[in-house]
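Chemist: This is the structure I have questions about; it appears just below.
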Amino acid sequence: MAVAAIQDVRDVLAAYPDLADVAVLTHVQDPAGPVHVAYVVPGSPGFDLAALHTYLRGALPGAAVPAAIVVVDAMPVASDGTPQPQALPAPDLRGLMPYRSPESARQEVLCTIFAEVLARTRCGLDDDFFIMGGESIDAMLIASRVGLAVGLEISMNEVFDAPTVAELDRLLDTLSTEV
């Protein structure tokens with residue numbers, strides 16, 4: 001994500017009515033590599049983190065949605081009032097997977113379909129449909145496009161049951177032997 005995109009994410013977060021302060025930083029953590037994390041200070045005691053996630057998925061393209069949102073009590077500042085982003089807590093990014101590239105032509109097609117439907121710059125074999133913000137309409141689009149591309153009809157429920165490209169590829173192997 002480019003610097004301008006980080007500012008775009010900050011602007012979208014700043015427009016959310018229930019936040020008092022926001023920051024977006026890049027973190028590098030194995031195995032995920034560089035990812036962007038949003039830090040937010042709630043504007044009220046009834047802050048709803050799930051609602052913020054939903055808002056971000058609707059307001060930003062999929063690739064721009066931060067990998068994590070960390071709620072903090074206040075943004076750290078030095079005694080002279082300058083921001084101290086390095087003092088923010090490190091996020092828990094253990095659930096993120098490293099990129100694993102496609103190993104076959106069909107996997108390449110599946111990765112392309114996932115990336116296009118979920119508005120990602122790329123999708124690897126282990127990237128999870130749900131973690132990438134996939135919803136029912138996305139599953140229907142993926143199922144339709146996969147059917148056209150590989151000649152096997154699948155349902156959105158099969159996308160839900162096999163939410164990574166690697167799992168969907170294995171499912172297609174099974175379905176192709178049943179035909």
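Residues are referred to by chain and number: the chain letter is A, B, ... according to the order shown in the structure tokens, the number counts from 1 in that chain, and ligands are numbered separately from 1 in the order shown.
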Kindly assemble as a Markdown table a list of the stretch 90-133 of chain A residues that lie within 10 Å of stretch 166-176 of chain A, each paired with its nearest atom pair and their distance in Å to one decimal, using only C-alpha atoms, sorted first by chain and then by ascending residue number.

Modeler:
```
| residue | atom | partner | partner_atom | distance |
| --- | --- | --- | --- | --- |
| A:Arg100 | CA | A:Ala166 | CA | 9.8 |
| A:Pro102 | CA | A:Ala166 | CA | 8.6 |
| A:Glu103 | CA | A:Ala166 | CA | 9.7 |
| A:Ser104 | CA | A:Asp169 | CA | 9.8 |
| A:Arg106 | CA | A:Asp169 | CA | 7.6 |
| A:Gln107 | CA | A:Asp169 | CA | 6.6 |
| A:Leu110 | CA | A:Asp169 | CA | 7.8 |
| A:Cys111 | CA | A:Ala166 | CA | 9.3 |
| A:Gly124 | CA | A:Ala166 | CA | 8.6 |
| A:Leu125 | CA | A:Ala166 | CA | 5.0 |
| A:Asp126 | CA | A:Ala166 | CA | 6.2 |
| A:Asp127 | CA | A:Ala166 | CA | 8.8 |
| A:Asp128 | CA | A:Ala166 | CA | 9.7 |
```

Chemist: I'd like to know which residues of stretch 51-95 of chain A are helix (DSSP H, G or I) (by DSSP, run on the backbone); could you write them as a ChimeraX atom specification?

Modeler: /A:51-59,62-64,85-87

Chemist: As an exercise, work out the distance from atom CA of A:Ala90 to atom CA of A:Val165 in Å and give it to one decimal place.

Modeler: 29.3 Å

Chemist: Pick out the closest residue to A:Val71 from this set: A:Gly46, A:Gly134, A:Pro17, A:Pro89. Count only C-alpha atoms.

Modeler: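 Smallest separation from A:Val71 among the options: A:Pro89.
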
Chemist: From chain A, collect each residue whose DSSP state is strand (DSSP E) and return the set as a ChimeraX atom specification.

Modeler: /A:19-29,33-42,68-71

Chemist: Can you spit out the residues from that selection as a PDB file, in the first residue's frame, using N, CA and C atoms?

Modeler:
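selection-v6.pdb was written with the following content:
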```pdb
ATOM      1  N   LEU A  19     -14.941   7.707  16.482  1.00  0.00           N
ATOM      2  CA  LEU A  19     -13.514   7.644  16.781  1.00  0.00           C
ATOM      3  C   LEU A  19     -12.995   9.030  17.158  1.00  0.00           C
ATOM      4  N   ALA A  20     -12.178   9.073  18.208  1.00  0.00           N
ATOM      5  CA  ALA A  20     -11.588  10.334  18.651  1.00  0.00           C
ATOM      6  C   ALA A  20     -10.247  10.601  17.970  1.00  0.00           C
ATOM      7  N   ASP A  21      -9.498   9.536  17.615  1.00  0.00           N
ATOM      8  CA  ASP A  21      -8.195   9.699  16.992  1.00  0.00           C
ATOM      9  C   ASP A  21      -7.856   8.413  16.253  1.00  0.00           C
ATOM     10  N   VAL A  22      -7.034   8.527  15.204  1.00  0.00           N
ATOM     11  CA  VAL A  22      -6.658   7.365  14.407  1.00  0.00           C
ATOM     12  C   VAL A  22      -5.211   7.483  13.944  1.00  0.00           C
ATOM     13  N   ALA A  23      -4.596   6.335  13.666  1.00  0.00           N
ATOM     14  CA  ALA A  23      -3.277   6.268  13.034  1.00  0.00           C
ATOM     15  C   ALA A  23      -3.240   4.990  12.214  1.00  0.00           C
ATOM     16  N   VAL A  24      -2.493   5.019  11.119  1.00  0.00           N
ATOM     17  CA  VAL A  24      -2.298   3.829  10.296  1.00  0.00           C
ATOM     18  C   VAL A  24      -0.799   3.667  10.109  1.00  0.00           C
ATOM     19  N   LEU A  25      -0.281   2.503  10.485  1.00  0.00           N
ATOM     20  CA  LEU A  25       1.158   2.230  10.407  1.00  0.00           C
ATOM     21  C   LEU A  25       1.417   0.937   9.657  1.00  0.00           C
ATOM     22  N   THR A  26       2.616   0.802   9.145  1.00  0.00           N
ATOM     23  CA  THR A  26       3.051  -0.442   8.524  1.00  0.00           C
ATOM     24  C   THR A  26       3.848  -1.231   9.551  1.00  0.00           C
ATOM     25  N   HIS A  27       3.530  -2.509   9.664  1.00  0.00           N
ATOM     26  CA  HIS A  27       4.279  -3.420  10.532  1.00  0.00           C
ATOM     27  C   HIS A  27       4.823  -4.547   9.670  1.00  0.00           C
ATOM     28  N   VAL A  28       6.008  -5.008   9.996  1.00  0.00           N
ATOM     29  CA  VAL A  28       6.581  -6.168   9.322  1.00  0.00           C
ATOM     30  C   VAL A  28       6.671  -7.267  10.349  1.00  0.00           C
ATOM     31  N   GLN A  29       5.982  -8.348  10.054  1.00  0.00           N
ATOM     32  CA  GLN A  29       5.985  -9.474  10.988  1.00  0.00           C
ATOM     33  C   GLN A  29       5.959 -10.766  10.194  1.00  0.00           C
ATOM     34  N   GLY A  33       4.859 -10.619   6.509  1.00  0.00           N
ATOM     35  CA  GLY A  33       5.562  -9.555   5.807  1.00  0.00           C
ATOM     36  C   GLY A  33       4.981  -8.209   6.185  1.00  0.00           C
ATOM     37  N   PRO A  34       5.133  -7.188   5.317  1.00  0.00           N
ATOM     38  CA  PRO A  34       4.619  -5.856   5.660  1.00  0.00           C
ATOM     39  C   PRO A  34       3.094  -5.796   5.542  1.00  0.00           C
ATOM     40  N   VAL A  35       2.449  -5.306   6.577  1.00  0.00           N
ATOM     41  CA  VAL A  35       0.993  -5.129   6.587  1.00  0.00           C
ATOM     42  C   VAL A  35       0.677  -3.791   7.245  1.00  0.00           C
ATOM     43  N   HIS A  36      -0.503  -3.284   6.963  1.00  0.00           N
ATOM     44  CA  HIS A  36      -0.929  -2.022   7.539  1.00  0.00           C
ATOM     45  C   HIS A  36      -1.900  -2.282   8.677  1.00  0.00           C
ATOM     46  N   VAL A  37      -1.699  -1.533   9.755  1.00  0.00           N
ATOM     47  CA  VAL A  37      -2.494  -1.692  10.970  1.00  0.00           C
ATOM     48  C   VAL A  37      -3.102  -0.342  11.326  1.00  0.00           C
ATOM     49  N   ALA A  38      -4.386  -0.360  11.652  1.00  0.00           N
ATOM     50  CA  ALA A  38      -5.068   0.859  12.103  1.00  0.00           C
ATOM     51  C   ALA A  38      -5.085   0.872  13.622  1.00  0.00           C
ATOM     52  N   TYR A  39      -4.748   2.006  14.197  1.00  0.00           N
ATOM     53  CA  TYR A  39      -4.848   2.230  15.637  1.00  0.00           C
ATOM     54  C   TYR A  39      -5.957   3.253  15.834  1.00  0.00           C
ATOM     55  N   VAL A  40      -6.890   2.943  16.721  1.00  0.00           N
ATOM     56  CA  VAL A  40      -8.041   3.832  16.909  1.00  0.00           C
ATOM     57  C   VAL A  40      -8.266   4.118  18.390  1.00  0.00           C
ATOM     58  N   VAL A  41      -8.685   5.354  18.664  1.00  0.00           N
ATOM     59  CA  VAL A  41      -9.098   5.761  20.004  1.00  0.00           C
ATOM     60  C   VAL A  41     -10.609   5.959  19.935  1.00  0.00           C
ATOM     61  N   PRO A  42     -11.374   5.130  20.657  1.00  0.00           N
ATOM     62  CA  PRO A  42     -12.837   5.271  20.622  1.00  0.00           C
ATOM     63  C   PRO A  42     -13.283   6.639  21.116  1.00  0.00           C
ATOM     64  N   ALA A  68      -5.234  -5.359  10.627  1.00  0.00           N
ATOM     65  CA  ALA A  68      -5.681  -5.409  12.019  1.00  0.00           C
ATOM     66  C   ALA A  68      -6.100  -4.013  12.459  1.00  0.00           C
ATOM     67  N   ILE A  69      -7.010  -3.982  13.428  1.00  0.00           N
ATOM     68  CA  ILE A  69      -7.407  -2.732  14.069  1.00  0.00           C
ATOM     69  C   ILE A  69      -7.116  -2.900  15.549  1.00  0.00           C
ATOM     70  N   VAL A  70      -6.305  -2.008  16.092  1.00  0.00           N
ATOM     71  CA  VAL A  70      -5.921  -2.061  17.503  1.00  0.00           C
ATOM     72  C   VAL A  70      -6.571  -0.867  18.209  1.00  0.00           C
ATOM     73  N   VAL A  71      -7.337  -1.158  19.245  1.00  0.00           N
ATOM     74  CA  VAL A  71      -7.976  -0.107  20.031  1.00  0.00           C
ATOM     75  C   VAL A  71      -7.015   0.309  21.143  1.00  0.00           C
TER      76      VAL A  71
END
```

Chemist: Would you mind telling me which residue in A:Ala149, A:Ile137, A:Pro66, A:Arg57 lies nearest to A:Thr112 when using only C-alpha atoms?

Modeler: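 Of A:Ala149, A:Ile137, A:Pro66, A:Arg57, the one nearest A:Thr112, counting only C-alpha atoms, is A:Ala149.
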
Chemist: Please identify all polymer residues within 12 Å of A:Ser136, counting only C-alpha atoms, omitting same-chain residues fewer than 2 positions from it, and present them as an MDAnalysis selection string.

Modeler: chainID A and resid 117:118 129:130 133:134 138:143 155:160 163

Chemist: Contacts between stretch 4-11 of chain A and stretch 53-136 of chain A, please, where a residue of stretch 53-136 of chain A counts if it comes within 8 Å (with only C-alpha atoms); show its shortest atom pair and distance in Å to one decimal, rows by chain and ascending number, as CSV.

Modeler:
```
residue,atom,partner,partner_atom,distance
A:Leu60,CA,A:Val9,CA,7.5
A:Ala64,CA,A:Val9,CA,7.0
A:Val65,CA,A:Val9,CA,7.6
```

Chemist: Produce a file of the selected residues containing N, CA, C and O atoms, as a PDB file, in the first residue's frame.

Modeler:
```
ATOM      1  N   LEU A  60     -13.643   0.989   1.829  1.00  0.00           N
ATOM      2  CA  LEU A  60     -12.320   0.861   1.217  1.00  0.00           C
ATOM      3  C   LEU A  60     -12.270  -0.328   0.280  1.00  0.00           C
ATOM      4  O   LEU A  60     -12.951  -1.340   0.521  1.00  0.00           O
ATOM      5  N   ALA A  64      -7.041  -2.285   0.630  1.00  0.00           N
ATOM      6  CA  ALA A  64      -6.729  -1.142   1.492  1.00  0.00           C
ATOM      7  C   ALA A  64      -7.208  -1.333   2.923  1.00  0.00           C
ATOM      8  O   ALA A  64      -6.796  -0.593   3.813  1.00  0.00           O
ATOM      9  N   VAL A  65      -8.059  -2.328   3.169  1.00  0.00           N
ATOM     10  CA  VAL A  65      -8.560  -2.575   4.523  1.00  0.00           C
ATOM     11  C   VAL A  65      -7.382  -3.031   5.387  1.00  0.00           C
ATOM     12  O   VAL A  65      -6.652  -3.955   5.008  1.00  0.00           O
TER      13      VAL A  65
END
```

Chemist: Mind pulling up the distance from atom CA of A:Asp18 to atom CA of A:Met75?

Modeler: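 The value is 15.6 Å.
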